[in-house]
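Asks: What follows is coords-v9.cif, made up of mmCIF, C-alpha atoms and all ligand atoms:
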```cif
data_entry
loop_
_atom_site.group_PDB
_atom_site.id
_atom_site.type_symbol
_atom_site.label_atom_id
_atom_site.label_comp_id
_atom_site.auth_asym_id
_atom_site.auth_seq_id
_atom_site.Cartn_x
_atom_site.Cartn_y
_atom_site.Cartn_z
ATOM 1 C CA MET A 1 -229.691 -136.404 -57.253
ATOM 2 C CA LYS A 2 -232.340 -134.436 -55.388
ATOM 3 C CA GLU A 3 -235.567 -134.045 -57.274
ATOM 4 C CA ARG A 4 -238.846 -132.280 -56.674
ATOM 5 C CA THR A 5 -242.394 -133.440 -57.177
ATOM 6 C CA LEU A 6 -245.924 -132.230 -56.541
ATOM 7 C CA ALA A 7 -248.464 -133.864 -54.250
ATOM 8 C CA ILE A 8 -252.091 -132.900 -53.696
ATOM 9 C CA LEU A 9 -253.928 -134.068 -50.610
ATOM 10 C CA LYS A 10 -257.389 -134.394 -52.117
ATOM 11 C CA PRO A 11 -260.738 -133.317 -50.632
ATOM 12 C CA ASP A 12 -261.392 -136.781 -49.162
ATOM 13 C CA CYS A 13 -258.060 -136.619 -47.305
ATOM 14 C CA ILE A 14 -258.829 -133.205 -45.793
ATOM 15 C CA LYS A 15 -262.497 -133.978 -45.016
ATOM 16 C CA ARG A 16 -261.568 -137.217 -43.253
ATOM 17 C CA LYS A 17 -258.899 -135.372 -41.220
ATOM 18 C CA LEU A 18 -256.093 -137.539 -42.591
ATOM 19 C CA ALA A 19 -253.831 -134.681 -43.732
ATOM 20 C CA GLY A 20 -251.616 -134.800 -40.637
ATOM 21 C CA GLU A 21 -251.167 -138.540 -40.861
ATOM 22 C CA VAL A 22 -250.342 -138.469 -44.570
ATOM 23 C CA ILE A 23 -247.917 -135.537 -44.222
ATOM 24 C CA SER A 24 -246.181 -137.313 -41.297
ATOM 25 C CA ARG A 25 -245.805 -140.383 -43.489
ATOM 26 C CA LEU A 26 -244.273 -138.343 -46.314
ATOM 27 C CA ILE A 27 -241.775 -136.772 -43.890
ATOM 28 C CA ALA A 28 -240.967 -140.198 -42.412
ATOM 29 C CA GLU A 29 -240.267 -141.442 -45.954
ATOM 30 C CA GLY A 30 -237.614 -138.747 -46.314
ATOM 31 C CA PHE A 31 -239.444 -136.042 -48.246
ATOM 32 C CA ASP A 32 -238.682 -132.411 -47.391
ATOM 33 C CA ILE A 33 -241.597 -129.998 -47.747
ATOM 34 C CA ILE A 34 -240.398 -127.094 -49.902
ATOM 35 C CA ALA A 35 -243.761 -125.335 -50.204
ATOM 36 C CA MET A 36 -247.272 -126.107 -49.000
ATOM 37 C CA LYS A 37 -250.672 -124.428 -49.111
ATOM 38 C CA MET A 38 -254.339 -125.140 -48.580
ATOM 39 C CA ILE A 39 -256.689 -124.001 -51.328
ATOM 40 C CA LYS A 40 -260.215 -124.563 -52.574
ATOM 41 C CA LEU A 41 -259.980 -125.432 -56.249
ATOM 42 C CA THR A 42 -262.421 -123.848 -58.678
ATOM 43 C CA ARG A 43 -263.941 -125.834 -61.551
ATOM 44 C CA GLU A 44 -261.667 -123.901 -63.896
ATOM 45 C CA THR A 45 -258.500 -124.669 -61.924
ATOM 46 C CA ALA A 46 -259.313 -128.348 -61.327
ATOM 47 C CA GLY A 47 -260.403 -128.724 -64.953
ATOM 48 C CA ALA A 48 -257.191 -127.163 -66.212
ATOM 49 C CA PHE A 49 -255.009 -129.231 -63.876
ATOM 50 C CA TYR A 50 -256.603 -132.471 -65.106
ATOM 51 C CA ALA A 51 -256.974 -131.302 -68.748
ATOM 52 C CA VAL A 52 -255.001 -134.360 -69.907
ATOM 53 C CA HIS A 53 -258.005 -136.481 -68.787
ATOM 54 C CA LYS A 54 -260.592 -134.273 -70.543
ATOM 55 C CA GLU A 55 -261.798 -137.012 -72.872
ATOM 56 C CA ARG A 56 -262.056 -139.667 -70.152
ATOM 57 C CA SER A 57 -265.442 -140.762 -68.850
ATOM 58 C CA PHE A 58 -264.470 -139.886 -65.272
ATOM 59 C CA TYR A 59 -263.341 -136.294 -66.039
ATOM 60 C CA ASP A 60 -266.506 -134.424 -64.989
ATOM 61 C CA ASP A 61 -266.844 -136.443 -61.787
ATOM 62 C CA LEU A 62 -263.146 -135.924 -61.065
ATOM 63 C CA VAL A 63 -263.498 -132.133 -61.383
ATOM 64 C CA LYS A 64 -266.595 -132.243 -59.157
ATOM 65 C CA PHE A 65 -264.753 -134.283 -56.529
ATOM 66 C CA MET A 66 -261.646 -132.084 -56.574
ATOM 67 C CA THR A 67 -263.779 -128.976 -55.970
ATOM 68 C CA GLU A 68 -265.993 -130.360 -53.197
ATOM 69 C CA TYR A 69 -263.677 -129.292 -50.364
ATOM 70 C CA ARG A 70 -260.256 -127.819 -49.691
ATOM 71 C CA VAL A 71 -257.040 -129.493 -50.862
ATOM 72 C CA VAL A 72 -253.434 -129.172 -49.699
ATOM 73 C CA VAL A 73 -250.754 -128.852 -52.377
ATOM 74 C CA LEU A 74 -247.137 -129.670 -51.535
ATOM 75 C CA ALA A 75 -243.847 -129.335 -53.374
ATOM 76 C CA LEU A 76 -241.679 -132.161 -52.046
ATOM 77 C CA GLU A 77 -237.945 -132.781 -52.362
ATOM 78 C CA LYS A 78 -235.906 -135.961 -52.040
ATOM 79 C CA GLU A 79 -233.566 -138.164 -54.030
ATOM 80 C CA ASN A 80 -235.710 -139.829 -56.727
ATOM 81 C CA ALA A 81 -238.733 -137.930 -55.436
ATOM 82 C CA VAL A 82 -241.021 -138.637 -58.409
ATOM 83 C CA VAL A 83 -240.662 -142.419 -58.429
ATOM 84 C CA ASP A 84 -240.428 -142.732 -54.656
ATOM 85 C CA LEU A 85 -243.589 -140.708 -54.012
ATOM 86 C CA ARG A 86 -245.527 -142.870 -56.480
ATOM 87 C CA LYS A 87 -244.245 -145.949 -54.606
ATOM 88 C CA VAL A 88 -245.315 -144.549 -51.230
ATOM 89 C CA ILE A 89 -248.822 -143.641 -52.405
ATOM 90 C CA GLY A 90 -249.486 -146.846 -54.400
ATOM 91 C CA ALA A 91 -251.698 -147.583 -57.410
ATOM 92 C CA THR A 92 -254.601 -145.311 -58.450
ATOM 93 C CA ASP A 93 -257.055 -148.086 -57.613
ATOM 94 C CA PRO A 94 -256.686 -148.904 -53.892
ATOM 95 C CA ALA A 95 -257.713 -152.494 -54.652
ATOM 96 C CA MET A 96 -254.542 -152.798 -56.745
ATOM 97 C CA ALA A 97 -252.266 -150.856 -54.367
ATOM 98 C CA ASP A 98 -249.523 -152.624 -52.425
ATOM 99 C CA GLU A 99 -249.932 -153.213 -48.694
ATOM 100 C CA GLY A 100 -248.717 -150.313 -46.595
ATOM 101 C CA THR A 101 -249.124 -147.700 -49.320
ATOM 102 C CA VAL A 102 -251.096 -144.550 -48.523
ATOM 103 C CA ARG A 103 -253.883 -145.424 -50.951
ATOM 104 C CA LYS A 104 -254.118 -149.031 -49.724
ATOM 105 C CA MET A 105 -254.431 -147.730 -46.175
ATOM 106 C CA PHE A 106 -256.881 -144.883 -46.734
ATOM 107 C CA ALA A 107 -258.379 -144.638 -50.242
ATOM 108 C CA GLU A 108 -262.034 -145.499 -50.797
ATOM 109 C CA SER A 109 -262.050 -145.825 -54.592
ATOM 110 C CA LYS A 110 -260.182 -145.035 -57.806
ATOM 111 C CA GLN A 111 -261.565 -141.505 -57.619
ATOM 112 C CA ARG A 112 -261.524 -140.851 -53.867
ATOM 113 C CA ASN A 113 -257.910 -141.929 -53.580
ATOM 114 C CA ILE A 114 -256.537 -139.417 -51.045
ATOM 115 C CA ILE A 115 -253.485 -138.100 -52.863
ATOM 116 C CA HIS A 116 -252.186 -137.108 -56.274
ATOM 117 C CA ALA A 117 -248.506 -137.337 -57.243
ATOM 118 C CA SER A 118 -246.783 -136.182 -60.443
ATOM 119 C CA ASP A 119 -245.963 -139.054 -62.792
ATOM 120 C CA SER A 120 -242.711 -137.758 -64.325
ATOM 121 C CA ILE A 121 -239.963 -135.201 -63.707
ATOM 122 C CA GLU A 122 -241.321 -133.106 -66.594
ATOM 123 C CA ASN A 123 -244.883 -133.135 -65.259
ATOM 124 C CA ALA A 124 -243.628 -132.436 -61.724
ATOM 125 C CA ALA A 125 -242.091 -129.161 -62.961
ATOM 126 C CA ILE A 126 -245.284 -128.250 -64.831
ATOM 127 C CA GLU A 127 -247.531 -129.153 -61.885
ATOM 128 C CA MET A 128 -245.388 -127.298 -59.298
ATOM 129 C CA ALA A 129 -245.483 -124.204 -61.511
ATOM 130 C CA PHE A 130 -249.273 -124.609 -61.771
ATOM 131 C CA PHE A 131 -249.686 -124.080 -58.023
ATOM 132 C CA PHE A 132 -246.575 -122.245 -56.834
ATOM 133 C CA SER A 133 -244.707 -119.150 -57.944
ATOM 134 C CA THR A 134 -240.947 -119.297 -58.537
ATOM 135 C CA LYS A 135 -240.579 -117.237 -55.367
ATOM 136 C CA GLU A 136 -242.564 -119.762 -53.323
ATOM 137 C CA LEU A 137 -240.419 -122.578 -54.696
ATOM 138 C CA THR A 138 -237.121 -120.836 -53.950
ATOM 139 C CA GLU A 139 -237.579 -118.604 -50.912
ATOM 140 C CA ASN A 140 -237.350 -121.446 -48.375
ATOM 141 C CA ASN A 141 -234.052 -122.728 -49.720
ATOM 142 C CA SER A 142 -231.757 -120.262 -48.067
HETATM 143 P P1 LIG B 201 -254.610 -138.856 -59.846
HETATM 144 O O1 LIG B 201 -253.333 -139.539 -59.556
HETATM 145 O O2 LIG B 201 -254.892 -137.569 -59.209
HETATM 146 O O3 LIG B 201 -254.752 -138.683 -61.439
HETATM 147 C C1 LIG B 201 -255.971 -138.633 -62.109
HETATM 148 C C2 LIG B 201 -257.125 -138.964 -61.229
HETATM 149 O O4 LIG B 201 -258.296 -139.377 -61.900
HETATM 150 C C3 LIG B 201 -256.776 -140.179 -60.362
HETATM 151 O O5 LIG B 201 -255.817 -139.846 -59.422
HETATM 152 C C4 LIG B 201 -258.135 -140.542 -59.826
HETATM 153 O O6 LIG B 201 -258.561 -139.713 -58.749
HETATM 154 C C5 LIG B 201 -258.995 -140.272 -61.048
HETATM 155 N N1 LIG B 201 -259.204 -141.511 -61.806
HETATM 156 C C6 LIG B 201 -258.324 -142.187 -62.555
HETATM 157 N N2 LIG B 201 -258.891 -143.266 -63.116
HETATM 158 C C7 LIG B 201 -260.180 -143.252 -62.714
HETATM 159 C C8 LIG B 201 -261.277 -144.112 -62.961
HETATM 160 N N3 LIG B 201 -261.154 -145.183 -63.746
HETATM 161 N N4 LIG B 201 -262.458 -143.815 -62.372
HETATM 162 C C9 LIG B 201 -262.572 -142.714 -61.598
HETATM 163 N N5 LIG B 201 -261.559 -141.861 -61.328
HETATM 164 C C10 LIG B 201 -260.371 -142.134 -61.872
#
```
For the structure just supplied, provide its representation as structure tokens.
Ligand code: CMP
Replies:
Amino acid sequence: MKERTLAILKPDCIKRKLAGEVISRLIAEGFDIIAMKMIKLTRETAGAFYAVHKERSFYDDLVKFMTEYRVVVLALEKENAVVDLRKVIGATDPAMADEGTVRKMFAESKQRNIIHASDSIENAAIEMAFFFSTKELTENNS
């Protein structure tokens, strides 16, 4: 069954001009782009998005990193989109990521790891709604 998930091309990805390459890879892997936009996250928005990590030691640095430059957010659709996107991007730590994954190829560290992907169907719905209106998620379907 077709599923949707959210990806964020992080500031390191945009700064290093890798957005085109990463988006091409996602399309080649069979993902359809349902909605996409470039935004500059505020501390409030980045902090709220990553609120689940609030107590972690890396939280403040993560918010700082996510607000240092523009990001691109994408709603992606495919069969098994959530699991398949996580496979394509690889482990959080690029040192642990499988060969050929986006993070293995491009990520510099656990923090500067190029791309975020939702980790469950439930969180994908929450994260898509965080960045996109219902209209933005439906208007390109017809
Ligand atoms: P992401 O998939 O966006 O989810 C949470 C983010 O926190 C993660 O990618 C990394 O960018 C960051 N992160 C997770 N673990 C660590 C860590 N141990 N040190 C620094 N940053 C981390």
Asks: Taking all atoms listed in the file into account, which residues are within 12 Å of ligand LIG 201 (chain B), as a PyMOL selection string?
Replies: chain A and resi 6-13+46-47+49-66+71+73+85-86+89-94+103+107-120+123+127
Asks: With all atoms listed in the file as the basis for distance, which of A:Asp32, A:Asp98, A:Glu21, A:Glu136 is at the shortest distance from Glu77 of chain A?
Replies: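 Distance minimum relative to Glu77 of chain A lands on A:Asp32.
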Asks: Restricting the calculation to only C-alpha atoms: of A:Ile39, A:Val72, A:Ile34, A:Ala95, which residue gets closest to Arg4 of chain A?
Replies: A:Ile34
Asks: Using the chain letters and numbering of this document, enumerate as a PDB file with C-alpha atoms, in the coordinates of the input the residues selected by the PyMOL selection byres (((chain A and resi 129) around 12) and not hetatm).
Replies:
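Resulting contents of out32.pdb:
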```
ATOM      1  CA  ARG A   4    -238.846-132.280 -56.674  1.00  0.00           C
ATOM      2  CA  THR A   5    -242.394-133.440 -57.177  1.00  0.00           C
ATOM      3  CA  LEU A   6    -245.924-132.230 -56.541  1.00  0.00           C
ATOM      4  CA  ALA A  35    -243.761-125.335 -50.204  1.00  0.00           C
ATOM      5  CA  PHE A  49    -255.009-129.231 -63.876  1.00  0.00           C
ATOM      6  CA  VAL A  73    -250.754-128.852 -52.377  1.00  0.00           C
ATOM      7  CA  LEU A  74    -247.137-129.670 -51.535  1.00  0.00           C
ATOM      8  CA  ALA A  75    -243.847-129.335 -53.374  1.00  0.00           C
ATOM      9  CA  GLU A 122    -241.321-133.106 -66.594  1.00  0.00           C
ATOM     10  CA  ASN A 123    -244.883-133.135 -65.259  1.00  0.00           C
ATOM     11  CA  ALA A 124    -243.628-132.436 -61.724  1.00  0.00           C
ATOM     12  CA  ALA A 125    -242.091-129.161 -62.961  1.00  0.00           C
ATOM     13  CA  ILE A 126    -245.284-128.250 -64.831  1.00  0.00           C
ATOM     14  CA  GLU A 127    -247.531-129.153 -61.885  1.00  0.00           C
ATOM     15  CA  MET A 128    -245.388-127.298 -59.298  1.00  0.00           C
ATOM     16  CA  PHE A 130    -249.273-124.609 -61.771  1.00  0.00           C
ATOM     17  CA  PHE A 131    -249.686-124.080 -58.023  1.00  0.00           C
ATOM     18  CA  PHE A 132    -246.575-122.245 -56.834  1.00  0.00           C
ATOM     19  CA  SER A 133    -244.707-119.150 -57.944  1.00  0.00           C
ATOM     20  CA  THR A 134    -240.947-119.297 -58.537  1.00  0.00           C
ATOM     21  CA  LYS A 135    -240.579-117.237 -55.367  1.00  0.00           C
ATOM     22  CA  GLU A 136    -242.564-119.762 -53.323  1.00  0.00           C
ATOM     23  CA  LEU A 137    -240.419-122.578 -54.696  1.00  0.00           C
ATOM     24  CA  THR A 138    -237.121-120.836 -53.950  1.00  0.00           C
TER      25      THR A 138
END
```
Asks: Please provide the set of residues having any atom within 12 Å of Glu29 of chain A, restricted to only C-alpha atoms, with same-chain residues fewer than 4 positions apart removed, written as a PyMOL selection string.
Replies: chain A and resi 22-25+33+76-81+84-89+101-102
Asks: Find the distance between atom CA of Lys104 of chain A and atom CA of Arg16 of chain A and write it in Å to one decimal.
Replies: 15.4 Å
Asks: Hey, can you check how far atom CA of Asn140 of chain A sits from atom CA of Ala28 of chain A?
Replies: 20.0 Å
Asks: I'd like the interatomic distance between atom CA of Glu68 of chain A and atom CA of Lys40 of chain A, to a tenth of an Å.
Replies: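 Result for atom CA of Glu68 of chain A versus atom CA of Lys40 of chain A: 8.2 Å, one decimal.
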Asks: With all atoms listed in the file as the atoms that count, which of A:Phe106, A:Arg43, A:Met1, A:Val83 lies nearest to Ala19 of chain A?
Replies: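 The answer is A:Phe106, which sits nearest to Ala19 of chain A.
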